[in-house]
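Data block for my_file.cif (mmCIF, C-alpha atoms):
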data_input
loop_
_atom_site.group_PDB
_atom_site.id
_atom_site.type_symbol
_atom_site.label_atom_id
_atom_site.label_comp_id
_atom_site.auth_asym_id
_atom_site.auth_seq_id
_atom_site.Cartn_x
_atom_site.Cartn_y
_atom_site.Cartn_z
ATOM 1 C CA MET A 1 46.894 6.831 -10.103
ATOM 2 C CA SER A 2 44.399 3.959 -9.850
ATOM 3 C CA THR A 3 43.172 2.532 -6.560
ATOM 4 C CA ALA A 4 42.147 -1.099 -6.253
ATOM 5 C CA PHE A 5 38.566 -1.338 -5.036
ATOM 6 C CA ASP A 6 37.858 -2.982 -1.707
ATOM 7 C CA TYR A 7 34.231 -3.023 -0.514
ATOM 8 C CA ASP A 8 35.037 -3.205 3.191
ATOM 9 C CA GLN A 9 37.418 -0.256 3.031
ATOM 10 C CA ALA A 10 35.208 1.801 0.691
ATOM 11 C CA PHE A 11 32.283 1.690 3.119
ATOM 12 C CA SER A 12 34.223 1.401 6.381
ATOM 13 C CA ARG A 13 33.066 4.830 7.561
ATOM 14 C CA ASN A 14 29.497 3.508 7.707
ATOM 15 C CA ILE A 15 30.594 1.239 10.542
ATOM 16 C CA GLY A 16 29.441 2.624 13.856
ATOM 17 C CA TRP A 17 26.034 3.565 12.492
ATOM 18 C CA VAL A 18 25.777 0.010 11.168
ATOM 19 C CA THR A 19 27.652 -3.080 12.334
ATOM 20 C CA ARG A 20 30.049 -4.970 10.082
ATOM 21 C CA GLU A 21 27.471 -7.737 9.822
ATOM 22 C CA GLU A 22 24.784 -5.241 8.828
ATOM 23 C CA GLN A 23 27.066 -3.752 6.195
ATOM 24 C CA GLN A 24 27.349 -7.194 4.602
ATOM 25 C CA THR A 25 23.563 -7.499 4.725
ATOM 26 C CA LEU A 26 23.260 -4.213 2.827
ATOM 27 C CA ARG A 27 25.721 -5.580 0.279
ATOM 28 C CA ARG A 28 23.352 -8.468 -0.491
ATOM 29 C CA LYS A 29 20.159 -6.421 -0.807
ATOM 30 C CA THR A 30 18.384 -5.382 -4.020
ATOM 31 C CA VAL A 31 16.653 -2.025 -4.437
ATOM 32 C CA ALA A 32 14.535 -1.083 -7.461
ATOM 33 C CA ILE A 33 14.373 2.584 -8.463
ATOM 34 C CA ALA A 34 12.059 3.798 -11.231
ATOM 35 C CA GLY A 35 13.247 7.136 -12.615
ATOM 36 C CA MET A 36 16.811 8.433 -12.715
ATOM 37 C CA GLY A 37 15.970 12.131 -12.773
ATOM 38 C CA GLY A 38 15.528 14.660 -9.949
ATOM 39 C CA VAL A 39 15.244 12.269 -7.034
ATOM 40 C CA GLY A 40 15.973 8.906 -8.638
ATOM 41 C CA GLY A 41 19.585 9.644 -9.511
ATOM 42 C CA SER A 42 20.280 10.935 -6.010
ATOM 43 C CA HIS A 43 18.572 7.858 -4.560
ATOM 44 C CA LEU A 44 20.863 5.570 -6.538
ATOM 45 C CA LEU A 45 24.086 7.353 -5.597
ATOM 46 C CA THR A 46 23.144 7.708 -1.919
ATOM 47 C CA LEU A 47 22.176 4.048 -1.627
ATOM 48 C CA THR A 48 25.333 3.022 -3.477
ATOM 49 C CA ARG A 49 27.390 4.927 -0.893
ATOM 50 C CA LEU A 50 25.405 3.184 1.825
ATOM 51 C CA GLY A 51 26.750 -0.053 0.383
ATOM 52 C CA ILE A 52 23.628 -1.552 -1.241
ATOM 53 C CA GLY A 53 24.992 -4.113 -3.698
ATOM 54 C CA ARG A 54 22.232 -4.659 -6.258
ATOM 55 C CA PHE A 55 19.880 -2.361 -8.142
ATOM 56 C CA HIS A 56 17.206 -2.462 -10.795
ATOM 57 C CA ILE A 57 17.061 1.005 -12.361
ATOM 58 C CA ALA A 58 14.669 2.286 -15.028
ATOM 59 C CA ASP A 59 14.409 5.445 -17.115
ATOM 60 C CA LEU A 60 13.656 6.117 -20.784
ATOM 61 C CA ASP A 61 14.691 9.798 -20.839
ATOM 62 C CA THR A 62 17.882 11.678 -21.727
ATOM 63 C CA PHE A 63 19.473 14.633 -19.928
ATOM 64 C CA GLU A 64 18.798 18.192 -21.090
ATOM 65 C CA LEU A 65 19.568 21.724 -19.905
ATOM 66 C CA ALA A 66 16.288 22.021 -17.961
ATOM 67 C CA ASN A 67 17.546 19.219 -15.677
ATOM 68 C CA PHE A 68 20.675 21.059 -14.552
ATOM 69 C CA ASN A 69 19.176 22.753 -11.475
ATOM 70 C CA ARG A 70 18.474 19.509 -9.600
ATOM 71 C CA GLN A 71 19.394 16.198 -11.286
ATOM 72 C CA ALA A 72 22.497 14.374 -10.068
ATOM 73 C CA GLY A 73 23.558 13.167 -13.518
ATOM 74 C CA ALA A 74 22.821 16.386 -15.442
ATOM 75 C CA MET A 75 25.849 18.315 -16.717
ATOM 76 C CA LEU A 76 27.259 19.502 -20.026
ATOM 77 C CA SER A 77 29.237 16.310 -20.491
ATOM 78 C CA THR A 78 26.077 14.165 -20.196
ATOM 79 C CA SER A 79 23.587 16.348 -22.074
ATOM 80 C CA GLY A 80 21.657 14.228 -24.565
ATOM 81 C CA GLN A 81 22.780 10.956 -22.983
ATOM 82 C CA PRO A 82 20.380 8.353 -21.521
ATOM 83 C CA LYS A 83 19.827 8.996 -17.808
ATOM 84 C CA VAL A 84 19.887 5.322 -16.872
ATOM 85 C CA GLU A 85 23.304 4.794 -18.497
ATOM 86 C CA VAL A 86 24.833 7.949 -17.037
ATOM 87 C CA LEU A 87 23.716 7.094 -13.500
ATOM 88 C CA ALA A 88 24.783 3.462 -13.866
ATOM 89 C CA LYS A 89 28.261 4.661 -14.827
ATOM 90 C CA ARG A 90 28.421 7.038 -11.857
ATOM 91 C CA ALA A 91 27.263 4.336 -9.451
ATOM 92 C CA ARG A 92 29.811 1.841 -10.805
ATOM 93 C CA ASP A 93 32.479 4.495 -10.355
ATOM 94 C CA ILE A 94 31.663 4.353 -6.637
ATOM 95 C CA ASN A 95 31.315 0.570 -6.471
ATOM 96 C CA PRO A 96 32.538 -1.360 -9.540
ATOM 97 C CA GLU A 97 31.203 -4.587 -8.001
ATOM 98 C CA LEU A 98 27.586 -3.416 -8.238
ATOM 99 C CA ASP A 99 25.048 -5.822 -9.711
ATOM 100 C CA LEU A 100 23.012 -3.463 -11.900
ATOM 101 C CA LYS A 101 20.041 -4.379 -14.055
ATOM 102 C CA LEU A 102 19.095 -1.556 -16.415
ATOM 103 C CA PHE A 103 15.667 -0.919 -17.919
ATOM 104 C CA PRO A 104 16.394 1.722 -20.612
ATOM 105 C CA GLU A 105 12.814 1.591 -21.866
ATOM 106 C CA GLY A 106 11.647 2.777 -18.446
ATOM 107 C CA VAL A 107 9.347 0.767 -16.241
ATOM 108 C CA THR A 108 6.296 -0.451 -18.193
ATOM 109 C CA GLN A 109 3.375 -2.806 -17.760
ATOM 110 C CA GLU A 110 5.319 -5.304 -19.874
ATOM 111 C CA ASN A 111 8.539 -5.315 -17.823
ATOM 112 C CA LEU A 112 7.062 -4.613 -14.382
ATOM 113 C CA ARG A 113 7.343 -8.201 -13.207
ATOM 114 C CA ALA A 114 11.026 -8.374 -14.204
ATOM 115 C CA PHE A 115 11.696 -4.934 -12.714
ATOM 116 C CA LEU A 116 10.423 -6.046 -9.292
ATOM 117 C CA SER A 117 11.762 -9.597 -9.426
ATOM 118 C CA GLU A 118 13.707 -10.525 -6.244
ATOM 119 C CA VAL A 119 13.613 -6.892 -5.051
ATOM 120 C CA ASP A 120 13.783 -6.110 -1.319
ATOM 121 C CA VAL A 121 12.564 -2.484 -1.449
ATOM 122 C CA TYR A 122 11.148 -0.236 -4.165
ATOM 123 C CA VAL A 123 12.080 3.478 -4.129
ATOM 124 C CA ASP A 124 9.960 5.808 -6.249
ATOM 125 C CA GLY A 125 11.853 8.213 -8.488
ATOM 126 C CA LEU A 126 9.243 8.657 -11.209
ATOM 127 C CA ASP A 127 8.322 12.089 -12.513
ATOM 128 C CA PHE A 128 5.559 13.713 -10.469
ATOM 129 C CA PHE A 129 3.210 13.646 -13.458
ATOM 130 C CA SER A 130 3.704 9.936 -14.316
ATOM 131 C CA LEU A 131 0.680 8.756 -12.376
ATOM 132 C CA ASP A 132 -0.527 5.783 -14.445
ATOM 133 C CA ILE A 133 2.704 3.801 -14.257
ATOM 134 C CA ARG A 134 3.288 4.921 -10.662
ATOM 135 C CA ARG A 135 -0.072 3.469 -9.671
ATOM 136 C CA ALA A 136 0.808 0.229 -11.458
ATOM 137 C CA VAL A 137 4.199 -0.057 -9.732
ATOM 138 C CA PHE A 138 2.804 0.558 -6.253
ATOM 139 C CA ALA A 139 -0.038 -1.909 -6.881
ATOM 140 C CA ALA A 140 2.485 -4.535 -7.999
ATOM 141 C CA CYS A 141 4.598 -3.883 -4.893
ATOM 142 C CA ALA A 142 1.560 -4.373 -2.655
ATOM 143 C CA GLU A 143 0.678 -7.606 -4.440
ATOM 144 C CA ALA A 144 4.250 -8.924 -4.178
ATOM 145 C CA GLY A 145 4.724 -7.824 -0.552
ATOM 146 C CA ILE A 146 7.518 -5.366 -1.406
ATOM 147 C CA PRO A 147 7.892 -2.254 0.815
ATOM 148 C CA ALA A 148 7.581 0.910 -1.293
ATOM 149 C CA VAL A 149 9.096 4.279 -0.400
ATOM 150 C CA THR A 150 8.273 7.622 -1.973
ATOM 151 C CA ALA A 151 9.954 10.905 -1.050
ATOM 152 C CA ALA A 152 8.643 13.946 -2.882
ATOM 153 C CA PRO A 153 10.778 17.067 -3.435
ATOM 154 C CA LEU A 154 8.551 20.009 -2.488
ATOM 155 C CA GLY A 155 9.931 23.540 -2.369
ATOM 156 C CA MET A 156 13.065 23.272 -0.258
ATOM 157 C CA GLY A 157 11.911 20.223 1.626
ATOM 158 C CA ALA A 158 10.848 16.611 1.289
ATOM 159 C CA ALA A 159 7.641 14.732 2.063
ATOM 160 C CA LEU A 160 7.950 11.032 2.840
ATOM 161 C CA LEU A 161 5.415 8.209 2.617
ATOM 162 C CA ASN A 162 6.038 4.493 3.072
ATOM 163 C CA PHE A 163 3.642 1.783 1.935
ATOM 164 C CA LEU A 164 4.319 -1.478 3.726
ATOM 165 C CA PRO A 165 3.048 -5.019 3.071
ATOM 166 C CA GLY A 166 -0.252 -5.607 4.849
ATOM 167 C CA GLY A 167 -0.789 -1.910 5.489
ATOM 168 C CA MET A 168 -2.670 0.850 3.724
ATOM 169 C CA ASN A 169 -1.864 0.763 0.013
ATOM 170 C CA PHE A 170 -1.240 3.535 -2.507
ATOM 171 C CA GLU A 171 -4.771 3.619 -3.960
ATOM 172 C CA GLN A 172 -6.458 3.430 -0.568
ATOM 173 C CA TYR A 173 -4.453 6.459 0.526
ATOM 174 C CA PHE A 174 -4.533 8.664 -2.592
ATOM 175 C CA CYS A 175 -8.004 7.680 -3.952
ATOM 176 C CA LEU A 176 -7.118 8.289 -7.608
ATOM 177 C CA GLU A 177 -9.302 5.676 -9.293
ATOM 178 C CA GLY A 178 -11.831 7.140 -11.756
ATOM 179 C CA GLN A 179 -10.625 10.737 -11.423
ATOM 180 C CA ALA A 180 -9.618 13.079 -14.252
ATOM 181 C CA GLU A 181 -5.896 13.772 -14.596
ATOM 182 C CA GLY A 182 -5.969 17.236 -13.019
ATOM 183 C CA GLU A 183 -7.840 15.919 -10.002
ATOM 184 C CA GLN A 184 -5.435 12.981 -9.695
ATOM 185 C CA LEU A 185 -2.476 15.368 -9.660
ATOM 186 C CA LEU A 186 -4.052 17.496 -6.943
ATOM 187 C CA ARG A 187 -4.839 14.418 -4.861
ATOM 188 C CA PHE A 188 -1.312 13.142 -5.304
ATOM 189 C CA LEU A 189 0.173 16.500 -4.247
ATOM 190 C CA LEU A 190 -2.104 16.942 -1.215
ATOM 191 C CA GLY A 191 -1.690 13.302 -0.210
ATOM 192 C CA LEU A 192 2.083 13.573 -0.322
ATOM 193 C CA SER A 193 2.037 16.856 1.535
ATOM 194 C CA PRO A 194 -0.966 17.248 3.873
ATOM 195 C CA ALA A 195 0.923 19.927 5.820
ATOM 196 C CA MET A 196 1.768 21.854 2.611
ATOM 197 C CA LEU A 197 4.708 23.533 4.351
ATOM 198 C CA GLN A 198 6.078 24.690 1.005
ATOM 199 C CA ARG A 199 3.012 26.713 0.043
ATOM 200 C CA GLY A 200 3.922 29.772 2.103
ATOM 201 C CA TYR A 201 7.040 30.611 0.111
ATOM 202 C CA LEU A 202 5.904 29.868 -3.444
ATOM 203 C CA VAL A 203 6.730 33.306 -4.822
ATOM 204 C CA ASP A 204 5.457 32.694 -8.370
ATOM 205 C CA PRO A 205 2.338 30.486 -8.508
ATOM 206 C CA SER A 206 2.297 30.746 -12.318
ATOM 207 C CA ALA A 207 5.268 28.321 -12.337
ATOM 208 C CA VAL A 208 2.838 25.558 -11.309
ATOM 209 C CA ASP A 209 0.909 24.376 -14.371
ATOM 210 C CA PHE A 210 -0.686 20.939 -14.081
ATOM 211 C CA ALA A 211 -2.105 21.097 -17.610
ATOM 212 C CA GLN A 212 1.388 21.567 -19.071
ATOM 213 C CA HIS A 213 3.003 19.114 -16.602
ATOM 214 C CA ARG A 214 5.252 21.816 -15.251
ATOM 215 C CA GLY A 215 6.356 22.811 -11.761
ATOM 216 C CA PRO A 216 9.326 24.422 -9.966
ATOM 217 C CA SER A 217 12.036 22.384 -8.230
ATOM 218 C CA THR A 218 15.251 22.723 -6.231
ATOM 219 C CA ALA A 219 18.372 20.595 -5.769
ATOM 220 C CA MET A 220 18.046 20.978 -1.994
ATOM 221 C CA ALA A 221 14.714 19.180 -2.017
ATOM 222 C CA CYS A 222 16.062 16.315 -4.134
ATOM 223 C CA GLU A 223 19.026 15.753 -1.822
ATOM 224 C CA LEU A 224 16.803 15.837 1.270
ATOM 225 C CA CYS A 225 14.586 13.232 -0.398
ATOM 226 C CA ALA A 226 17.592 10.981 -1.001
ATOM 227 C CA GLY A 227 18.615 11.155 2.640
ATOM 228 C CA LEU A 228 15.115 10.412 3.910
ATOM 229 C CA ALA A 229 14.495 7.569 1.454
ATOM 230 C CA ALA A 230 17.879 5.899 2.017
ATOM 231 C CA THR A 231 17.266 5.940 5.765
ATOM 232 C CA GLN A 232 13.952 4.147 5.218
ATOM 233 C CA VAL A 233 15.693 1.538 3.064
ATOM 234 C CA LEU A 234 18.292 0.974 5.774
ATOM 235 C CA LYS A 235 15.632 0.502 8.457
ATOM 236 C CA LEU A 236 13.533 -1.783 6.258
ATOM 237 C CA VAL A 237 16.276 -4.132 5.075
ATOM 238 C CA LEU A 238 18.055 -4.278 8.440
ATOM 239 C CA ARG A 239 14.725 -4.517 10.289
ATOM 240 C CA ARG A 240 15.618 -1.960 12.906
ATOM 241 C CA GLY A 241 14.138 1.385 13.875
ATOM 242 C CA ARG A 242 10.526 2.534 13.617
ATOM 243 C CA VAL A 243 9.225 2.935 10.075
ATOM 244 C CA ILE A 244 6.356 5.409 9.682
ATOM 245 C CA ALA A 245 3.836 4.063 7.167
ATOM 246 C CA ALA A 246 0.722 5.449 5.468
ATOM 247 C CA PRO A 247 -1.606 6.930 6.569
ATOM 248 C CA ARG A 248 1.220 8.561 8.545
ATOM 249 C CA GLY A 249 3.864 10.577 6.718
ATOM 250 C CA LEU A 250 6.791 12.874 7.382
ATOM 251 C CA HIS A 251 7.393 16.358 5.965
ATOM 252 C CA LEU A 252 10.728 18.105 6.489
ATOM 253 C CA ASP A 253 11.022 21.673 5.218
ATOM 254 C CA ALA A 254 14.471 23.246 5.500
ATOM 255 C CA TYR A 255 13.226 26.702 4.482
ATOM 256 C CA ARG A 256 10.511 26.772 7.137
ATOM 257 C CA ASN A 257 12.728 25.070 9.776
ATOM 258 C CA LYS A 258 9.928 22.589 10.375
ATOM 259 C CA LEU A 259 9.489 18.836 10.713
ATOM 260 C CA VAL A 260 5.915 17.571 10.784
ATOM 261 C CA THR A 261 4.510 14.070 11.187
ATOM 262 C CA THR A 262 1.190 13.902 9.354
ATOM 263 C CA TRP A 263 -1.680 11.495 9.971
ATOM 264 C CA ARG A 264 -4.579 11.185 7.557
ATOM 265 C CA PRO A 265 -6.753 8.132 8.336
ATOM 266 C CA GLY A 266 -8.599 7.366 5.118
ATOM 267 C CA GLY A 267 -5.995 9.277 3.120
ATOM 268 C CA ASN A 268 -7.628 11.792 0.792
ATOM 269 C CA ARG A 269 -11.061 10.822 2.121
ATOM 270 C CA HIS A 270 -10.169 12.449 5.456
ATOM 271 C CA PRO A 271 -12.257 15.612 6.118
ATOM 272 C CA LEU A 272 -9.143 17.819 6.338
ATOM 273 C CA GLN A 273 -7.961 16.481 2.983
ATOM 274 C CA ARG A 274 -11.338 17.115 1.389
ATOM 275 C CA LEU A 275 -11.179 20.719 2.577
ATOM 276 C CA ALA A 276 -7.581 21.125 1.375
ATOM 277 C CA LEU A 277 -8.509 19.706 -2.028
ATOM 278 C CA LYS A 278 -11.387 22.149 -2.340
ATOM 279 C CA ILE A 279 -9.035 25.056 -1.634
ATOM 280 C CA ALA A 280 -6.380 23.655 -3.992
ATOM 281 C CA ARG A 281 -8.866 23.313 -6.845
ATOM 282 C CA ARG A 282 -9.580 27.025 -6.546
ATOM 283 C CA GLN A 283 -5.917 27.982 -6.126
ATOM 284 C CA PHE A 284 -4.615 26.082 -9.141
ATOM 285 C CA GLY A 285 -7.697 26.570 -11.287
ATOM 286 C CA ALA A 286 -7.873 22.843 -11.943
ATOM 287 C CA HIS A 287 -11.677 22.890 -11.902
ATOM 288 C CA ASN A 288 -11.643 25.031 -15.059
ATOM 289 C CA HIS A 289 -9.877 22.268 -17.000
ATOM 290 C CA HIS A 290 -10.869 18.991 -15.373
ATOM 291 C CA ARG A 291 -14.300 17.927 -14.119
ATOM 292 C CA ALA A 292 -13.833 15.185 -11.573
ATOM 293 C CA LYS A 293 -16.551 13.192 -9.864
ATOM 294 C CA PRO A 294 -16.528 13.279 -6.042
ATOM 295 C CA SER A 295 -15.316 10.214 -4.155
#
Take the structure in the file and write it out as structure tokens.
Amino acid sequence: MSTAFDYDQAFSRNIGWVTREEQQTLRRKTVAIAGMGGVGGSHLLTLTRLGIGRFHIADLDTFELANFNRQAGAMLSTSGQPKVEVLAKRARDINPELDLKLFPEGVTQENLRAFLSEVDVYVDGLDFFSLDIRRAVFAACAEAGIPAVTAAPLGMGAALLNFLPGGMNFEQYFCLEGQAEGEQLLRFLLGLSPAMLQRGYLVDPSAVDFAQHRGPSTAMACELCAGLAATQVLKLVLRRGRVIAAPRGLHLDAYRNKLVTTWRPGGNRHPLQRLALKIARRQFGAHNHHRAKPS
């Protein structure tokens, strides 16, 4: 039995938390999401259910068994299929009227301008280890005046950072320029998660291997990220509600039953961050593999 699609009816249960006029505003907005894996796929589906009408989505990867524990599009029926096509199909199954622009080669230096063209908000769904292109995307957002949201799945929680036009930018906060890869990864992790709420219940530290680009993950964290990020998108495009922006961040950890607002003026140059990085270098053994100059 087929049901004719009707936008107003499909998203009518949003009304109350948003007005009917705001729902139509959401319908006209464009969100870019780079990465359709652990968090990116959940971002797309959550924002589609919010009623966002246009997306630019990018991913060059295909689904595999190792994705099954957390990625919204990963299942036996999609194994081996391109992530961007699978998630586009799922999103269109929710809203067949979606205006979707796919970037199956992933986001690159060559297509970055097109990827961010006429975009209202960028939501980061790139793999944790994809730092070079992530830095390029956030720099392009800052230059174009596009708000950028990143929500990192950490343990069984999510750490949120927003970078807003005219405010502290990605590089000013993370201080990655000129650092070796291992040091960049540590700075990215500690910058995302100054509170490090997840550290206390990491039962097998050997699962974290920066050199091999490997780390543990959970579906709970990815879904929490999607909820946090979608809420930021709503507040940004409707221009209502306080939006916390870098150097302030938010860390919600469901396992620890904790919600922490972090504040790191100067980002990773803050004295507490410098101390945390020193401890992290010892903990993860990064100093044995990567020699990084001090900032």
Kindly resolve the PyMOL selection byres ((chain A and resi 60) around 8) on the present coordinates and return the residues as a VMD selection string. chain A and resid 58 to 59 61 to 62 82 to 84 103 to 106
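Reported to one decimal place, the separation of atom CA of A:Gly266 from atom CA of A:Asp127 is 24.9 Å.
For the pair atom CA of A:Leu259 and atom CA of A:Met220, the interatomic distance is 15.5 Å.
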For A:Leu161, list every protein, DNA or RNA residue within 8 Å, evaluated using all atoms listed in the file, and leave out those in the same chain fewer than 2 positions away; present the list as a ChimeraX atom specification. /A:149-151,159,163,192,244-246,248-250
For a quick check of understanding, using only C-alpha atoms, which of A:Leu185, A:Leu100, A:Ala180, A:Ala219 has the smallest distance to A:Phe68? A:Ala219
Nearest to A:Gln23 by atom-to-atom distance, counting only C-alpha atoms, from A:Pro271, A:Pro205, A:Pro194, A:Gly51: A:Gly51
Could you list the residues chosen by the PyMOL selection byres ((chain A and resi 101) around 10) in this structure as a PyMOL selection string? chain A and resi 32+54-58+88+98-100+102-104+114-115
Between atom CA of A:Met156 and atom CA of A:Phe129, what is the spacing in Å? 19.1 Å
Explicit residue set for the PyMOL selection byres ((chain A and resi 277-284) around 10), as number ranges by chain: A: 182-183, 186-187, 189-191, 194, 205-206, 208-210, 268, 271-276, 285-288, 290
Please produce, as JSON lines, a per-residue contact table for stretch 8-111 of chain A versus stretch 226-242 of chain A (criterion: any atom at most 9 Å away, all atoms listed in the file considered), showing the nearest atom pair and its distance in Å to one decimal, sorted by chain then residue number.
{"residue": "A:Glu22", "atom": "CA", "partner": "A:Leu238", "partner_atom": "CA", "distance": 6.8}
{"residue": "A:Thr25", "atom": "CA", "partner": "A:Leu238", "partner_atom": "CA", "distance": 7.4}
{"residue": "A:Leu26", "atom": "CA", "partner": "A:Val237", "partner_atom": "CA", "distance": 7.3}
{"residue": "A:Lys29", "atom": "CA", "partner": "A:Val237", "partner_atom": "CA", "distance": 7.4}
{"residue": "A:Val31", "atom": "CA", "partner": "A:Val233", "partner_atom": "CA", "distance": 8.4}
{"residue": "A:Val39", "atom": "CA", "partner": "A:Ala226", "partner_atom": "CA", "distance": 6.6}
{"residue": "A:Gly40", "atom": "CA", "partner": "A:Ala226", "partner_atom": "CA", "distance": 8.1}
{"residue": "A:Gly41", "atom": "CA", "partner": "A:Ala226", "partner_atom": "CA", "distance": 8.8}
{"residue": "A:Ser42", "atom": "CA", "partner": "A:Ala226", "partner_atom": "CA", "distance": 5.7}
{"residue": "A:His43", "atom": "CA", "partner": "A:Ala226", "partner_atom": "CA", "distance": 4.8}
{"residue": "A:Leu44", "atom": "CA", "partner": "A:Ala226", "partner_atom": "CA", "distance": 8.4}
{"residue": "A:Leu45", "atom": "CA", "partner": "A:Ala226", "partner_atom": "CA", "distance": 8.7}
{"residue": "A:Thr46", "atom": "CA", "partner": "A:Ala226", "partner_atom": "CA", "distance": 6.5}
{"residue": "A:Leu47", "atom": "CA", "partner": "A:Ala230", "partner_atom": "CA", "distance": 5.9}
{"residue": "A:Leu50", "atom": "CA", "partner": "A:Ala230", "partner_atom": "CA", "distance": 8.0}
Using all atoms listed in the file: which of A:Asn257, A:Gln184, A:Thr30, A:Gln24 has the shortest distance to A:Leu197: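 Looking at the shortest contact to A:Leu197, the residue is A:Asn257.
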For A:Ala195, the nearest of the candidates A:Phe11, A:Phe128, A:Trp263, A:Phe174, counting all atoms listed in the file: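 Ranked by minimum distance to A:Ala195, first place goes to A:Trp263.
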Using only C-alpha atoms, determine which residues lie at most 9 Å from A:Gly80, disregarding the query and same-chain residues fewer than 4 positions distant; provide the list as a VMD selection string. chain A and resid 62 to 64 76
Long-range neighbours of A:Leu116 as a PyMOL selection string, 12 Å cut-off, all atoms listed in the file, 4 positions minimum in chain: chain A and resi 30-34+55-58+101+103+107-112+120-123+136-148
Kindly export the residues of the current selection with C-alpha atoms, as a PDB file, keeping the file's coordinate frame.
ATOM      1  CA  THR A  30      18.384  -5.382  -4.020  1.00  0.00           C
ATOM      2  CA  VAL A  31      16.653  -2.025  -4.437  1.00  0.00           C
ATOM      3  CA  ALA A  32      14.535  -1.083  -7.461  1.00  0.00           C
ATOM      4  CA  ILE A  33      14.373   2.584  -8.463  1.00  0.00           C
ATOM      5  CA  ALA A  34      12.059   3.798 -11.231  1.00  0.00           C
ATOM      6  CA  PHE A  55      19.880  -2.361  -8.142  1.00  0.00           C
ATOM      7  CA  HIS A  56      17.206  -2.462 -10.795  1.00  0.00           C
ATOM      8  CA  ILE A  57      17.061   1.005 -12.361  1.00  0.00           C
ATOM      9  CA  ALA A  58      14.669   2.286 -15.028  1.00  0.00           C
ATOM     10  CA  LYS A 101      20.041  -4.379 -14.055  1.00  0.00           C
ATOM     11  CA  PHE A 103      15.667  -0.919 -17.919  1.00  0.00           C
ATOM     12  CA  VAL A 107       9.347   0.767 -16.241  1.00  0.00           C
ATOM     13  CA  THR A 108       6.296  -0.451 -18.193  1.00  0.00           C
ATOM     14  CA  GLN A 109       3.375  -2.806 -17.760  1.00  0.00           C
ATOM     15  CA  GLU A 110       5.319  -5.304 -19.874  1.00  0.00           C
ATOM     16  CA  ASN A 111       8.539  -5.315 -17.823  1.00  0.00           C
ATOM     17  CA  LEU A 112       7.062  -4.613 -14.382  1.00  0.00           C
ATOM     18  CA  ASP A 120      13.783  -6.110  -1.319  1.00  0.00           C
ATOM     19  CA  VAL A 121      12.564  -2.484  -1.449  1.00  0.00           C
ATOM     20  CA  TYR A 122      11.148  -0.236  -4.165  1.00  0.00           C
ATOM     21  CA  VAL A 123      12.080   3.478  -4.129  1.00  0.00           C
ATOM     22  CA  ALA A 136       0.808   0.229 -11.458  1.00  0.00           C
ATOM     23  CA  VAL A 137       4.199  -0.057  -9.732  1.00  0.00           C
ATOM     24  CA  PHE A 138       2.804   0.558  -6.253  1.00  0.00           C
ATOM     25  CA  ALA A 139      -0.038  -1.909  -6.881  1.00  0.00           C
ATOM     26  CA  ALA A 140       2.485  -4.535  -7.999  1.00  0.00           C
ATOM     27  CA  CYS A 141       4.598  -3.883  -4.893  1.00  0.00           C
ATOM     28  CA  ALA A 142       1.560  -4.373  -2.655  1.00  0.00           C
ATOM     29  CA  GLU A 143       0.678  -7.606  -4.440  1.00  0.00           C
ATOM     30  CA  ALA A 144       4.250  -8.924  -4.178  1.00  0.00           C
ATOM     31  CA  GLY A 145       4.724  -7.824  -0.552  1.00  0.00           C
ATOM     32  CA  ILE A 146       7.518  -5.366  -1.406  1.00  0.00           C
ATOM     33  CA  PRO A 147       7.892  -2.254   0.815  1.00  0.00           C
ATOM     34  CA  ALA A 148       7.581   0.910  -1.293  1.00  0.00           C
TER      35      ALA A 148
END
